[in-house]
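Novice: The file below is model14.pdb, PDB, C-alpha atoms and all ligand atoms:
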```pdb
MODEL        1
ATOM      1  CA  MET A   1      83.973 110.060 141.654
ATOM      2  CA  THR A   2      85.306 109.352 138.157
ATOM      3  CA  ASP A   3      82.878 107.890 135.645
ATOM      4  CA  PRO A   4      83.699 104.125 135.303
ATOM      5  CA  VAL A   5      83.632 104.432 131.496
ATOM      6  CA  VAL A   6      86.192 107.237 131.637
ATOM      7  CA  GLU A   7      88.300 105.224 134.088
ATOM      8  CA  ARG A   8      88.263 102.199 131.789
ATOM      9  CA  ILE A   9      89.197 104.366 128.784
ATOM     10  CA  PHE A  10      92.272 105.660 130.626
ATOM     11  CA  GLU A  11      93.225 102.103 131.689
ATOM     12  CA  LEU A  12      92.950 100.781 128.127
ATOM     13  CA  LYS A  13      94.752 103.771 126.686
ATOM     14  CA  LYS A  14      97.728 103.032 128.922
ATOM     15  CA  LYS A  15      97.613  99.302 128.148
ATOM     16  CA  HIS A  16      97.716  99.876 124.386
ATOM     17  CA  ASN A  17      99.995 102.943 124.381
ATOM     18  CA  ALA A  18      97.158 104.800 122.686
ATOM     19  CA  ILE A  19      96.360 108.429 122.010
ATOM     20  CA  ILE A  20      92.854 109.819 121.559
ATOM     21  CA  LEU A  21      92.492 112.510 118.895
ATOM     22  CA  ALA A  22      89.143 114.331 118.760
ATOM     23  CA  HIS A  23      87.732 116.891 116.374
ATOM     24  CA  ASN A  24      86.281 120.149 117.740
ATOM     25  CA  TYR A  25      82.762 118.914 116.788
ATOM     26  CA  GLN A  26      82.877 115.778 118.933
ATOM     27  CA  ARG A  27      80.561 115.359 121.912
ATOM     28  CA  GLY A  28      81.867 117.268 124.943
ATOM     29  CA  GLU A  29      82.485 114.107 126.984
ATOM     30  CA  ILE A  30      84.737 112.756 124.204
ATOM     31  CA  GLN A  31      86.663 116.027 123.930
ATOM     32  CA  ASP A  32      87.209 115.826 127.700
ATOM     33  CA  VAL A  33      88.991 112.435 127.525
ATOM     34  CA  ALA A  34      91.004 113.265 124.400
ATOM     35  CA  ASP A  35      94.751 113.891 124.403
ATOM     36  CA  TYR A  36      94.313 116.453 121.667
ATOM     37  CA  VAL A  37      91.244 118.300 120.350
ATOM     38  CA  GLY A  38      91.540 120.317 117.175
ATOM     39  CA  ASP A  39      90.685 121.096 113.581
ATOM     40  CA  SER A  40      91.521 118.870 110.598
ATOM     41  CA  LEU A  41      94.958 120.428 110.131
ATOM     42  CA  GLY A  42      95.904 120.167 113.807
ATOM     43  CA  LEU A  43      94.683 116.584 113.975
ATOM     44  CA  SER A  44      96.732 115.493 110.972
ATOM     45  CA  GLN A  45      99.805 117.264 112.381
ATOM     46  CA  GLN A  46      99.322 115.500 115.720
ATOM     47  CA  ALA A  47      98.861 112.133 114.008
ATOM     48  CA  ALA A  48     102.047 112.675 111.998
ATOM     49  CA  LYS A  49     104.155 113.348 115.083
ATOM     50  CA  THR A  50     102.744 111.048 117.792
ATOM     51  CA  ASP A  51     104.838 108.169 119.099
ATOM     52  CA  ALA A  52     101.777 106.314 120.406
ATOM     53  CA  GLU A  53     101.247 102.882 118.805
ATOM     54  CA  LEU A  54      97.482 103.193 118.559
ATOM     55  CA  ILE A  55      95.427 106.235 117.482
ATOM     56  CA  VAL A  56      91.755 106.333 118.472
ATOM     57  CA  PHE A  57      90.366 108.818 115.992
ATOM     58  CA  CYS A  58      87.158 110.515 117.095
ATOM     59  CA  GLY A  59      85.946 112.410 114.067
ATOM     60  CA  VAL A  60      84.752 111.271 110.653
ATOM     61  CA  HIS A  61      86.178 108.726 108.241
ATOM     62  CA  PHE A  62      88.296 110.985 106.004
ATOM     63  CA  MET A  63      90.115 112.296 109.086
ATOM     64  CA  ALA A  64      90.975 108.796 110.345
ATOM     65  CA  GLU A  65      92.009 107.817 106.817
ATOM     66  CA  THR A  66      94.382 110.791 106.644
ATOM     67  CA  ALA A  67      95.920 109.767 109.983
ATOM     68  CA  ALA A  68      96.265 106.167 108.767
ATOM     69  CA  MET A  69      98.128 107.327 105.650
ATOM     70  CA  LEU A  70     100.427 109.607 107.646
ATOM     71  CA  CYS A  71     101.270 106.860 110.166
ATOM     72  CA  PRO A  72     101.476 103.595 108.175
ATOM     73  CA  GLU A  73     103.324 101.881 111.032
ATOM     74  CA  LYS A  74     100.554 102.706 113.553
ATOM     75  CA  THR A  75      97.078 101.333 114.050
ATOM     76  CA  VAL A  76      94.263 103.835 113.597
ATOM     77  CA  ILE A  77      90.811 102.956 114.898
ATOM     78  CA  MET A  78      87.451 104.720 114.790
ATOM     79  CA  PRO A  79      84.798 104.190 117.493
ATOM     80  CA  ASP A  80      82.039 104.064 114.846
ATOM     81  CA  GLU A  81      82.874 102.911 111.339
ATOM     82  CA  ASN A  82      79.756 104.591 109.929
ATOM     83  CA  ALA A  83      80.867 108.118 110.789
ATOM     84  CA  GLY A  84      81.364 109.492 107.285
ATOM     85  CA  CYS A  85      81.274 112.996 105.840
ATOM     86  CA  PRO A  86      78.412 113.598 103.374
ATOM     87  CA  MET A  87      80.466 116.250 101.586
ATOM     88  CA  ALA A  88      83.354 113.815 101.060
ATOM     89  CA  SER A  89      80.844 111.418  99.476
ATOM     90  CA  MET A  90      79.817 114.048  96.912
ATOM     91  CA  ILE A  91      82.805 113.221  94.708
ATOM     92  CA  THR A  92      84.338 109.902  93.660
ATOM     93  CA  ALA A  93      87.797 109.277  92.200
ATOM     94  CA  ARG A  94      86.164 108.166  88.961
ATOM     95  CA  GLU A  95      84.122 111.356  88.636
ATOM     96  CA  LEU A  96      87.245 113.390  89.310
ATOM     97  CA  ARG A  97      89.217 111.495  86.637
ATOM     98  CA  GLU A  98      86.427 112.246  84.132
ATOM     99  CA  LYS A  99      86.466 115.953  85.027
ATOM    100  CA  LYS A 100      90.257 116.106  84.666
ATOM    101  CA  LYS A 101      89.928 114.849  81.105
ATOM    102  CA  LEU A 102      88.025 118.072  80.300
ATOM    103  CA  TYR A 103      90.864 120.197  81.730
ATOM    104  CA  PRO A 104      94.053 118.255  80.936
ATOM    105  CA  ASN A 105      96.512 120.740  82.538
ATOM    106  CA  VAL A 106      94.453 121.622  85.565
ATOM    107  CA  LYS A 107      95.930 121.569  89.089
ATOM    108  CA  VAL A 108      93.546 119.818  91.481
ATOM    109  CA  VAL A 109      93.316 121.248  95.006
ATOM    110  CA  CYS A 110      91.291 118.943  97.202
ATOM    111  CA  TYR A 111      89.788 119.888 100.515
ATOM    112  CA  VAL A 112      90.813 117.364 103.162
ATOM    113  CA  ASN A 113      87.097 116.458 103.441
ATOM    114  CA  SER A 114      87.523 113.900 100.652
ATOM    115  CA  THR A 115      88.311 110.215 100.375
ATOM    116  CA  ALA A 116      91.859 108.900 100.077
ATOM    117  CA  ALA A 117      91.043 107.842  96.493
ATOM    118  CA  VAL A 118      90.086 111.442  95.599
ATOM    119  CA  LYS A 119      93.223 112.759  97.299
ATOM    120  CA  ALA A 120      95.221 110.295  95.193
ATOM    121  CA  GLU A 121      93.845 112.010  92.057
ATOM    122  CA  SER A 122      94.754 115.475  93.378
ATOM    123  CA  ASP A 123      97.900 117.595  93.236
ATOM    124  CA  ILE A 124      97.649 119.119  96.682
ATOM    125  CA  CYS A 125      95.386 118.904  99.671
ATOM    126  CA  CYS A 126      94.162 121.763 101.897
ATOM    127  CA  THR A 127      92.107 122.294 105.030
ATOM    128  CA  SER A 128      89.939 125.245 105.987
ATOM    129  CA  ALA A 129      92.889 126.574 108.028
ATOM    130  CA  ASN A 130      95.328 126.782 105.115
ATOM    131  CA  ALA A 131      93.187 126.816 101.927
ATOM    132  CA  LYS A 132      94.129 130.416 101.002
ATOM    133  CA  LYS A 133      97.835 129.722 101.505
ATOM    134  CA  ILE A 134      97.709 126.505  99.477
ATOM    135  CA  VAL A 135      95.849 128.064  96.546
ATOM    136  CA  ALA A 136      98.136 131.125  96.644
ATOM    137  CA  SER A 137     101.151 128.788  96.339
ATOM    138  CA  ILE A 138     100.036 127.717  92.859
ATOM    139  CA  PRO A 139     101.419 129.968  90.082
ATOM    140  CA  GLU A 140      98.864 132.463  88.681
ATOM    141  CA  ASN A 141      99.079 131.001  85.184
ATOM    142  CA  GLU A 142      97.906 127.557  86.337
ATOM    143  CA  GLU A 143      94.226 126.642  86.135
ATOM    144  CA  ILE A 144      92.791 125.248  89.392
ATOM    145  CA  LEU A 145      90.006 122.758  89.982
ATOM    146  CA  PHE A 146      88.876 122.993  93.625
ATOM    147  CA  VAL A 147      87.048 119.936  95.033
ATOM    148  CA  PRO A 148      84.648 119.095  96.607
ATOM    149  CA  ASP A 149      83.458 122.141  98.623
ATOM    150  CA  LYS A 150      82.065 124.881  96.395
ATOM    151  CA  SER A 151      81.559 127.193  99.399
ATOM    152  CA  LEU A 152      85.135 127.020 100.670
ATOM    153  CA  GLY A 153      86.294 127.275  97.055
ATOM    154  CA  ALA A 154      84.224 130.431  96.426
ATOM    155  CA  TYR A 155      85.482 131.983  99.671
ATOM    156  CA  VAL A 156      89.141 131.367  98.763
ATOM    157  CA  SER A 157      88.525 132.570  95.221
ATOM    158  CA  SER A 158      87.047 135.881  96.431
ATOM    159  CA  CYS A 159      89.798 136.432  99.058
ATOM    160  CA  LEU A 160      92.567 135.871  96.520
ATOM    161  CA  ASN A 161      90.690 137.354  93.555
ATOM    162  CA  ARG A 162      91.508 134.158  91.691
ATOM    163  CA  LYS A 163      89.224 132.311  89.302
ATOM    164  CA  MET A 164      88.863 128.571  89.890
ATOM    165  CA  ILE A 165      86.710 125.719  88.651
ATOM    166  CA  PHE A 166      84.496 124.380  91.449
ATOM    167  CA  TRP A 167      82.973 121.023  92.233
ATOM    168  CA  GLU A 168      79.313 121.117  93.301
ATOM    169  CA  GLY A 169      79.884 119.695  96.804
ATOM    170  CA  TYR A 170      78.820 121.302 100.079
ATOM    171  CA  CYS A 171      78.318 120.596 103.759
ATOM    172  CA  PRO A 172      74.648 120.011 104.627
ATOM    173  CA  SER A 173      75.216 121.049 108.257
ATOM    174  CA  HIS A 174      76.800 124.394 107.358
ATOM    175  CA  HIS A 175      74.259 125.127 104.638
ATOM    176  CA  ARG A 176      71.539 125.068 107.304
ATOM    177  CA  ILE A 177      73.041 128.278 108.686
ATOM    178  CA  LEU A 178      71.082 131.129 107.090
ATOM    179  CA  ALA A 179      71.949 134.809 106.635
ATOM    180  CA  ASP A 180      68.467 135.907 107.840
ATOM    181  CA  GLN A 181      68.990 134.123 111.146
ATOM    182  CA  ILE A 182      72.275 135.962 111.648
ATOM    183  CA  VAL A 183      70.730 139.354 110.799
ATOM    184  CA  LYS A 184      67.994 138.720 113.392
ATOM    185  CA  LEU A 185      70.476 137.621 116.089
ATOM    186  CA  LYS A 186      72.698 140.627 115.378
ATOM    187  CA  SER A 187      69.721 142.970 115.881
ATOM    188  CA  GLU A 188      69.134 141.344 119.281
ATOM    189  CA  HIS A 189      72.858 141.338 120.196
ATOM    190  CA  PRO A 190      74.327 144.393 118.422
ATOM    191  CA  ASP A 191      77.726 144.124 120.140
ATOM    192  CA  ALA A 192      78.217 140.443 119.315
ATOM    193  CA  LYS A 193      80.978 139.404 116.933
ATOM    194  CA  ILE A 194      79.905 137.100 114.102
ATOM    195  CA  VAL A 195      82.260 134.142 113.551
ATOM    196  CA  VAL A 196      81.671 131.593 110.802
ATOM    197  CA  HIS A 197      83.302 128.611 109.119
ATOM    198  CA  PRO A 198      84.163 128.942 105.394
ATOM    199  CA  GLU A 199      81.908 125.960 104.570
ATOM    200  CA  CYS A 200      78.988 128.402 105.018
ATOM    201  CA  THR A 201      77.311 129.993 101.991
ATOM    202  CA  SER A 202      78.719 133.282 100.649
ATOM    203  CA  ASP A 203      75.809 135.424 101.965
ATOM    204  CA  VAL A 204      76.541 134.108 105.476
ATOM    205  CA  ILE A 205      80.282 134.678 105.062
ATOM    206  CA  ALA A 206      79.609 138.258 103.909
ATOM    207  CA  LEU A 207      78.081 139.040 107.342
ATOM    208  CA  ALA A 208      81.015 137.700 109.370
ATOM    209  CA  ASP A 209      83.556 139.600 111.443
ATOM    210  CA  HIS A 210      85.815 136.570 111.259
ATOM    211  CA  VAL A 211      85.945 133.501 108.989
ATOM    212  CA  ALA A 212      88.142 130.606 110.118
ATOM    213  CA  SER A 213      88.645 126.906 110.686
ATOM    214  CA  THR A 214      87.182 125.464 113.885
ATOM    215  CA  THR A 215      90.424 126.004 115.811
ATOM    216  CA  GLY A 216      90.723 129.453 114.185
ATOM    217  CA  ILE A 217      87.269 130.345 115.559
ATOM    218  CA  ILE A 218      88.299 129.193 119.059
ATOM    219  CA  LYS A 219      91.535 131.219 118.902
ATOM    220  CA  TYR A 220      89.673 134.325 117.708
ATOM    221  CA  ALA A 221      87.088 134.124 120.504
ATOM    222  CA  SER A 222      89.784 133.577 123.142
ATOM    223  CA  GLY A 223      91.880 136.499 121.929
ATOM    224  CA  ASN A 224      89.035 138.965 121.398
ATOM    225  CA  HIS A 225      87.670 141.388 124.031
ATOM    226  CA  SER A 226      84.004 141.128 122.973
ATOM    227  CA  LYS A 227      81.675 139.412 125.409
ATOM    228  CA  GLU A 228      79.187 137.918 122.915
ATOM    229  CA  TYR A 229      79.682 135.807 119.768
ATOM    230  CA  ILE A 230      77.204 134.627 117.161
ATOM    231  CA  VAL A 231      78.631 131.270 116.042
ATOM    232  CA  GLY A 232      78.069 129.983 112.512
ATOM    233  CA  THR A 233      79.461 126.493 112.489
ATOM    234  CA  GLU A 234      78.635 123.005 113.755
ATOM    235  CA  ILE A 235      77.327 123.261 117.323
ATOM    236  CA  GLY A 236      79.831 120.791 118.826
ATOM    237  CA  ILE A 237      82.317 123.681 118.864
ATOM    238  CA  LEU A 238      80.304 125.371 121.642
ATOM    239  CA  HIS A 239      81.703 122.929 124.222
ATOM    240  CA  ARG A 240      85.278 124.148 123.865
ATOM    241  CA  LEU A 241      84.303 127.766 123.288
ATOM    242  CA  ARG A 242      82.369 127.830 126.578
ATOM    243  CA  GLN A 243      84.877 125.724 128.502
ATOM    244  CA  GLU A 244      87.808 127.961 127.518
ATOM    245  CA  ASN A 245      85.900 131.243 127.840
ATOM    246  CA  PRO A 246      83.470 130.865 130.772
ATOM    247  CA  GLU A 247      82.971 134.641 131.028
ATOM    248  CA  LYS A 248      81.807 134.978 127.385
ATOM    249  CA  ILE A 249      78.466 134.228 125.724
ATOM    250  CA  PHE A 250      78.277 132.051 122.596
ATOM    251  CA  ILE A 251      75.068 132.023 120.590
ATOM    252  CA  PRO A 252      74.685 129.355 117.883
ATOM    253  CA  VAL A 253      73.038 130.692 114.722
ATOM    254  CA  THR A 254      70.819 127.594 114.678
ATOM    255  CA  PRO A 255      70.642 124.324 116.626
ATOM    256  CA  LEU A 256      70.074 122.640 113.250
ATOM    257  CA  SER A 257      73.734 123.021 112.315
ATOM    258  CA  ASP A 258      74.777 119.757 113.876
ATOM    259  CA  CYS A 259      76.643 117.001 112.079
ATOM    260  CA  PRO A 260      74.933 113.676 112.837
ATOM    261  CA  ASN A 261      77.994 111.776 111.638
ATOM    262  CA  MET A 262      80.317 113.511 114.085
ATOM    263  CA  LYS A 263      77.849 112.657 116.841
ATOM    264  CA  LEU A 264      77.822 108.915 116.046
ATOM    265  CA  ASN A 265      80.852 108.592 118.323
ATOM    266  CA  THR A 266      79.964 108.226 122.007
ATOM    267  CA  LEU A 267      82.042 107.709 125.124
ATOM    268  CA  GLU A 268      80.921 104.048 125.336
ATOM    269  CA  LYS A 269      81.957 103.464 121.731
ATOM    270  CA  VAL A 270      85.376 104.960 122.502
ATOM    271  CA  MET A 271      85.706 102.437 125.345
ATOM    272  CA  TRP A 272      84.511  99.533 123.187
ATOM    273  CA  SER A 273      86.872 100.495 120.388
ATOM    274  CA  LEU A 274      89.765 100.300 122.842
ATOM    275  CA  GLU A 275      88.476  96.982 124.241
ATOM    276  CA  ASP A 276      88.082  95.342 120.818
ATOM    277  CA  LEU A 277      90.684  97.347 118.854
ATOM    278  CA  GLN A 278      88.014  98.201 116.294
ATOM    279  CA  TYR A 279      87.295  99.635 113.751
ATOM    280  CA  VAL A 280      90.680  99.613 112.063
ATOM    281  CA  VAL A 281      91.020 102.158 109.243
ATOM    282  CA  THR A 282      93.331 101.197 106.379
ATOM    283  CA  VAL A 283      94.013 102.552 102.922
ATOM    284  CA  PRO A 284      95.287 100.322 100.078
ATOM    285  CA  GLU A 285      98.967 101.144  99.572
ATOM    286  CA  GLU A 286      98.606 101.963  95.845
ATOM    287  CA  ILE A 287      96.130 104.734  96.790
ATOM    288  CA  ALA A 288      98.004 105.826  99.926
ATOM    289  CA  VAL A 289     101.269 106.339  98.030
ATOM    290  CA  LYS A 290      99.616 108.933  95.779
ATOM    291  CA  ALA A 291      97.315 110.510  98.367
ATOM    292  CA  ARG A 292     100.187 110.931 100.826
ATOM    293  CA  LYS A 293     101.999 113.139  98.302
ATOM    294  CA  ALA A 294      99.033 115.548  98.151
ATOM    295  CA  ILE A 295      98.791 115.616 101.958
ATOM    296  CA  GLN A 296     102.538 115.982 102.457
ATOM    297  CA  ARG A 297     102.728 118.922 100.018
ATOM    298  CA  MET A 298     100.095 120.626 102.178
ATOM    299  CA  LEU A 299     101.891 119.858 105.463
ATOM    300  CA  ASP A 300     105.180 121.133 104.039
ATOM    301  CA  LEU A 301     103.515 124.471 103.258
ATOM    302  CA  SER A 302     101.658 124.721 106.604
TER     303      SER A 302
HETATM  304  P1  LIG B 401      87.986 122.172 110.374
HETATM  305  O1  LIG B 401      89.179 121.667 109.644
HETATM  306  O2  LIG B 401      87.853 123.666 110.347
HETATM  307  O3  LIG B 401      87.973 121.657 111.774
HETATM  308  O4  LIG B 401      86.681 121.664 109.642
HETATM  309  C1  LIG B 401      86.390 120.325 109.424
HETATM  310  C2  LIG B 401      85.008 120.121 109.060
HETATM  311  O5  LIG B 401      84.580 119.040 108.745
HETATM  312  C3  LIG B 401      84.133 121.265 109.065
HETATM  313  O6  LIG B 401      82.840 120.873 108.768
HETATM  314 FE1  LIG B 402      81.384 116.784 106.729
HETATM  315 FE2  LIG B 402      79.936 118.953 107.260
HETATM  316 FE3  LIG B 402      80.082 117.009 109.046
HETATM  317 FE4  LIG B 402      82.201 118.594 108.545
HETATM  318  S1  LIG B 402      80.245 119.193 109.457
HETATM  319  S2  LIG B 402      82.218 116.367 108.761
HETATM  320  S3  LIG B 402      81.940 118.889 106.324
HETATM  321  S4  LIG B 402      79.161 116.890 106.986
ENDMDL
END
```
As C-alpha cells - that is how I would like this structure written.
Specialist:
Amino acid sequence: MTDPVVERIFELKKKHNAIILAHNYQRGEIQDVADYVGDSLGLSQQAAKTDAELIVFCGVHFMAETAAMLCPEKTVIMPDENAGCPMASMITARELREKKKLYPNVKVVCYVNSTAAVKAESDICCTSANAKKIVASIPENEEILFVPDKSLGAYVSSCLNRKMIFWEGYCPSHHRILADQIVKLKSEHPDAKIVVHPECTSDVIALADHVASTTGIIKYASGNHSKEYIVGTEIGILHRLRQENPEKIFIPVTPLSDCPNMKLNTLEKVMWSLEDLQYVVTVPEEIAVKARKAIQRMLDLS
C-alpha cells in the first residue's frame, strides 16, 4: 500500500505541473519521491532545462536560489525556508566588496555554496564537480580569489599547482570527518576504497583514493569493482549509494558528518509546500542579473 503522504505528493505534483529536485544529502524518503536526485551542478542543470511550471527544491537555500535565478519564469519553492548552508553564511556581499578593494584586479571564483548577492560580486561560479575546470579556465597571469570554501580552494590549488587567495569559510559537517578515523577504519577494512568530498580538510583528502562531488562519489562507487568503501561526506549520500549498489558495503567515516540543514526537509513538509505553494524563493532582479552571469559562465564551461 502506498504511503498516503506520498500519494498526495504525486497528486499535487500533477495538479501543479511540478517537478521535485532533491540533493544527494536529502532524507531517503524525499530522494525516493524526487524526479531528479543529484549534486549541485546536476540540480542547476536540471532546473535550467525543465519545462515544469513549479520546482519543489529539496536542498538548502543557495541551491533553490540558483534554480530561481536560472528559471525566472518558474516558481521555485522550498519545503523549509530555514534550510540554509552555514558555509554560505560565512561570507557576505559587503565583506567580499571590501576584500576586492585590496586586490583590484582579482578574478573572484565563488563556490556555488554562496548567496546570490555574493555570486553577483563574483566573476564565475563553480561547484565541487567542476571547480578544477573553472579555475583552469582562468589565464595563469590572473590572480584568483576563491570564496568561501578554503578546503575546496586548497584542494583545487594543489591539483592545479596554482596559487590562489582563499576565504576562511568551511563546511562544519565535512570538517567533522577526521583523518585518524579514516586511518583506523582502513586498518579494519584494508581492501576498502576511501572516497571523500573536497570540502574535507587536506589531511583527509590526502588519504583518499577518490575525491569528487556527491554525484562523482556515487558514479565512482558504481563503476568500481571493490566491495567496500569508506565514505567521507555527509551521511545522506549513503541512501543512494546503498540503493544503487546493494551488493557493496559503505562505511561512513563518522555519523557526526550530517548536515542538520539538509535534514530540515521532511516528506510531510514536501507535501505541505505543494499544498500551500510555500516557501517561494525569489532573488531581487538587480542581484539576479549579475549573479546569473557568474552561474551562466560556469554552465557554459561545464
Ligand atoms: P555537491 O555539489 O558535491 O553535491 O556538494 C554540495 C554540498 O553542499 C556539499 O556539502
Ligand atoms: Fe553547507 Fe556543508 Fe550542509 Fe553542504 S553539507 S549544505 S556545505 S553545511
Novice: When the PyMOL selection byres (((not hetatm)) within 10 of (chain B and resi 402)) is applied to the file above, which residues end up in the set, as a ChimeraX atom specification?
Specialist: /A:23,25,40,59-63,83-89,111-114,149,169-175,197,199-200,233-236,257-263
Novice: As a PyMOL selection string, please: every protein or nucleic acid residue near ligand LIG 401 (chain B) (cut-off 6 Å, counting all atoms listed in the file).
Specialist: chain A and resi 39-41+127-128+213-214
Novice: In Å, with one decimal, what is the gap from atom CA of A:His225 to atom CA of A:Ile251?
Specialist: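 Going from atom CA of A:His225 over to atom CA of A:Ile251 covers 16.1 Å.
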Novice: Determine the residue membership of the PyMOL selection byres (((chain A and resi 275-281) around 8) and not hetatm) for the file above and supply it as an mmCIF file with C-alpha atoms, keeping the file's coordinate frame.
Specialist:
```cif
data_model
loop_
_atom_site.group_PDB
_atom_site.id
_atom_site.type_symbol
_atom_site.label_atom_id
_atom_site.label_comp_id
_atom_site.auth_asym_id
_atom_site.auth_seq_id
_atom_site.Cartn_x
_atom_site.Cartn_y
_atom_site.Cartn_z
ATOM 1 C CA LEU A 12 92.950 100.781 128.127
ATOM 2 C CA ALA A 64 90.975 108.796 110.345
ATOM 3 C CA GLU A 65 92.009 107.817 106.817
ATOM 4 C CA ALA A 68 96.265 106.167 108.767
ATOM 5 C CA THR A 75 97.078 101.333 114.050
ATOM 6 C CA VAL A 76 94.263 103.835 113.597
ATOM 7 C CA ILE A 77 90.811 102.956 114.898
ATOM 8 C CA MET A 78 87.451 104.720 114.790
ATOM 9 C CA PRO A 79 84.798 104.190 117.493
ATOM 10 C CA ASP A 80 82.039 104.064 114.846
ATOM 11 C CA GLU A 81 82.874 102.911 111.339
ATOM 12 C CA MET A 271 85.706 102.437 125.345
ATOM 13 C CA TRP A 272 84.511 99.533 123.187
ATOM 14 C CA SER A 273 86.872 100.495 120.388
ATOM 15 C CA LEU A 274 89.765 100.300 122.842
ATOM 16 C CA THR A 282 93.331 101.197 106.379
ATOM 17 C CA VAL A 283 94.013 102.552 102.922
#
```
Novice: Would you list the contacts of A:Asn17 as a PDB file with C-alpha atoms, in the coordinates of the input, taking every protein, DNA or RNA residue within 12 Å and counting all atoms listed in the file, but skipping same-chain residues closer than 5 positions in sequence?
Specialist:
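Below you can see selection.pdb, which holds the result:
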```
ATOM      1  CA  ILE A   9      89.197 104.366 128.784  1.00  0.00           C
ATOM      2  CA  PHE A  10      92.272 105.660 130.626  1.00  0.00           C
ATOM      3  CA  GLU A  11      93.225 102.103 131.689  1.00  0.00           C
ATOM      4  CA  LEU A  12      92.950 100.781 128.127  1.00  0.00           C
ATOM      5  CA  THR A  50     102.744 111.048 117.792  1.00  0.00           C
ATOM      6  CA  ASP A  51     104.838 108.169 119.099  1.00  0.00           C
ATOM      7  CA  ALA A  52     101.777 106.314 120.406  1.00  0.00           C
ATOM      8  CA  GLU A  53     101.247 102.882 118.805  1.00  0.00           C
ATOM      9  CA  LEU A  54      97.482 103.193 118.559  1.00  0.00           C
ATOM     10  CA  ILE A  55      95.427 106.235 117.482  1.00  0.00           C
ATOM     11  CA  VAL A  56      91.755 106.333 118.472  1.00  0.00           C
ATOM     12  CA  LYS A  74     100.554 102.706 113.553  1.00  0.00           C
ATOM     13  CA  THR A  75      97.078 101.333 114.050  1.00  0.00           C
ATOM     14  CA  LEU A 274      89.765 100.300 122.842  1.00  0.00           C
TER      15      LEU A 274
END
```
Novice: Determine, counting all atoms listed in the file, which protein, DNA and RNA residues have an atom within 9 Å of an atom of A:Ala116; residues of the same chain fewer than 2 positions away are not included. Present the result as a PDB file with C-alpha atoms, in the frame of the given file.
Specialist:
```pdb
ATOM      1  CA  PHE A  62      88.296 110.985 106.004  1.00  0.00           C
ATOM      2  CA  GLU A  65      92.009 107.817 106.817  1.00  0.00           C
ATOM      3  CA  THR A  66      94.382 110.791 106.644  1.00  0.00           C
ATOM      4  CA  MET A  69      98.128 107.327 105.650  1.00  0.00           C
ATOM      5  CA  ALA A  93      87.797 109.277  92.200  1.00  0.00           C
ATOM      6  CA  SER A 114      87.523 113.900 100.652  1.00  0.00           C
ATOM      7  CA  VAL A 118      90.086 111.442  95.599  1.00  0.00           C
ATOM      8  CA  LYS A 119      93.223 112.759  97.299  1.00  0.00           C
ATOM      9  CA  ALA A 120      95.221 110.295  95.193  1.00  0.00           C
ATOM     10  CA  GLU A 121      93.845 112.010  92.057  1.00  0.00           C
ATOM     11  CA  VAL A 283      94.013 102.552 102.922  1.00  0.00           C
ATOM     12  CA  ILE A 287      96.130 104.734  96.790  1.00  0.00           C
ATOM     13  CA  ALA A 288      98.004 105.826  99.926  1.00  0.00           C
ATOM     14  CA  LYS A 290      99.616 108.933  95.779  1.00  0.00           C
ATOM     15  CA  ALA A 291      97.315 110.510  98.367  1.00  0.00           C
ATOM     16  CA  ARG A 292     100.187 110.931 100.826  1.00  0.00           C
TER      17      ARG A 292
END
```
Novice: Can you report as AutoDock Vina command-line options the centre and edge lengths in Å, to one decimal, of an axis-aligned box around the listed atoms of stretch 66-72 of chain A padded with 5 Å on each side?
Specialist:
```
--center_x 97.9 --center_y 107.2 --center_z 107.9 --size_x 17.1 --size_y 17.2 --size_z 14.5
```
Novice: For A:Val156, which of A:Lys13, A:Arg176, A:Arg240, A:Lys132 is the closest residue, counting all atoms listed in the file?
Specialist: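 Residue with the minimum atom-to-atom distance to A:Val156: A:Lys132.
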Novice: So, with all atoms listed in the file as the atoms that count, which of A:Ser302, A:Gln296, A:Asn265, A:Thr254 lies closest to A:Lys184?
Specialist: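 Among the listed residues, A:Thr254 lies closest to A:Lys184.
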Novice: Where does the PyMOL selection byres (((chain A and resi 224) around 12) and not hetatm) land in this file, that is, which residues does it pick, as number ranges by chain?
Specialist: A: 192-195, 209-210, 217-223, 225-229, 245, 248
Novice: Produce a file of the selected residues containing C-alpha atoms, as an mmCIF file, keeping the file's coordinate frame.
Specialist:
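Below is the file that was written, out-v6.cif:
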```cif
data_model
loop_
_atom_site.group_PDB
_atom_site.id
_atom_site.type_symbol
_atom_site.label_atom_id
_atom_site.label_comp_id
_atom_site.auth_asym_id
_atom_site.auth_seq_id
_atom_site.Cartn_x
_atom_site.Cartn_y
_atom_site.Cartn_z
ATOM 1 C CA ALA A 192 78.217 140.443 119.315
ATOM 2 C CA LYS A 193 80.978 139.404 116.933
ATOM 3 C CA ILE A 194 79.905 137.100 114.102
ATOM 4 C CA VAL A 195 82.260 134.142 113.551
ATOM 5 C CA ASP A 209 83.556 139.600 111.443
ATOM 6 C CA HIS A 210 85.815 136.570 111.259
ATOM 7 C CA ILE A 217 87.269 130.345 115.559
ATOM 8 C CA ILE A 218 88.299 129.193 119.059
ATOM 9 C CA LYS A 219 91.535 131.219 118.902
ATOM 10 C CA TYR A 220 89.673 134.325 117.708
ATOM 11 C CA ALA A 221 87.088 134.124 120.504
ATOM 12 C CA SER A 222 89.784 133.577 123.142
ATOM 13 C CA GLY A 223 91.880 136.499 121.929
ATOM 14 C CA HIS A 225 87.670 141.388 124.031
ATOM 15 C CA SER A 226 84.004 141.128 122.973
ATOM 16 C CA LYS A 227 81.675 139.412 125.409
ATOM 17 C CA GLU A 228 79.187 137.918 122.915
ATOM 18 C CA TYR A 229 79.682 135.807 119.768
ATOM 19 C CA ASN A 245 85.900 131.243 127.840
ATOM 20 C CA LYS A 248 81.807 134.978 127.385
#
```
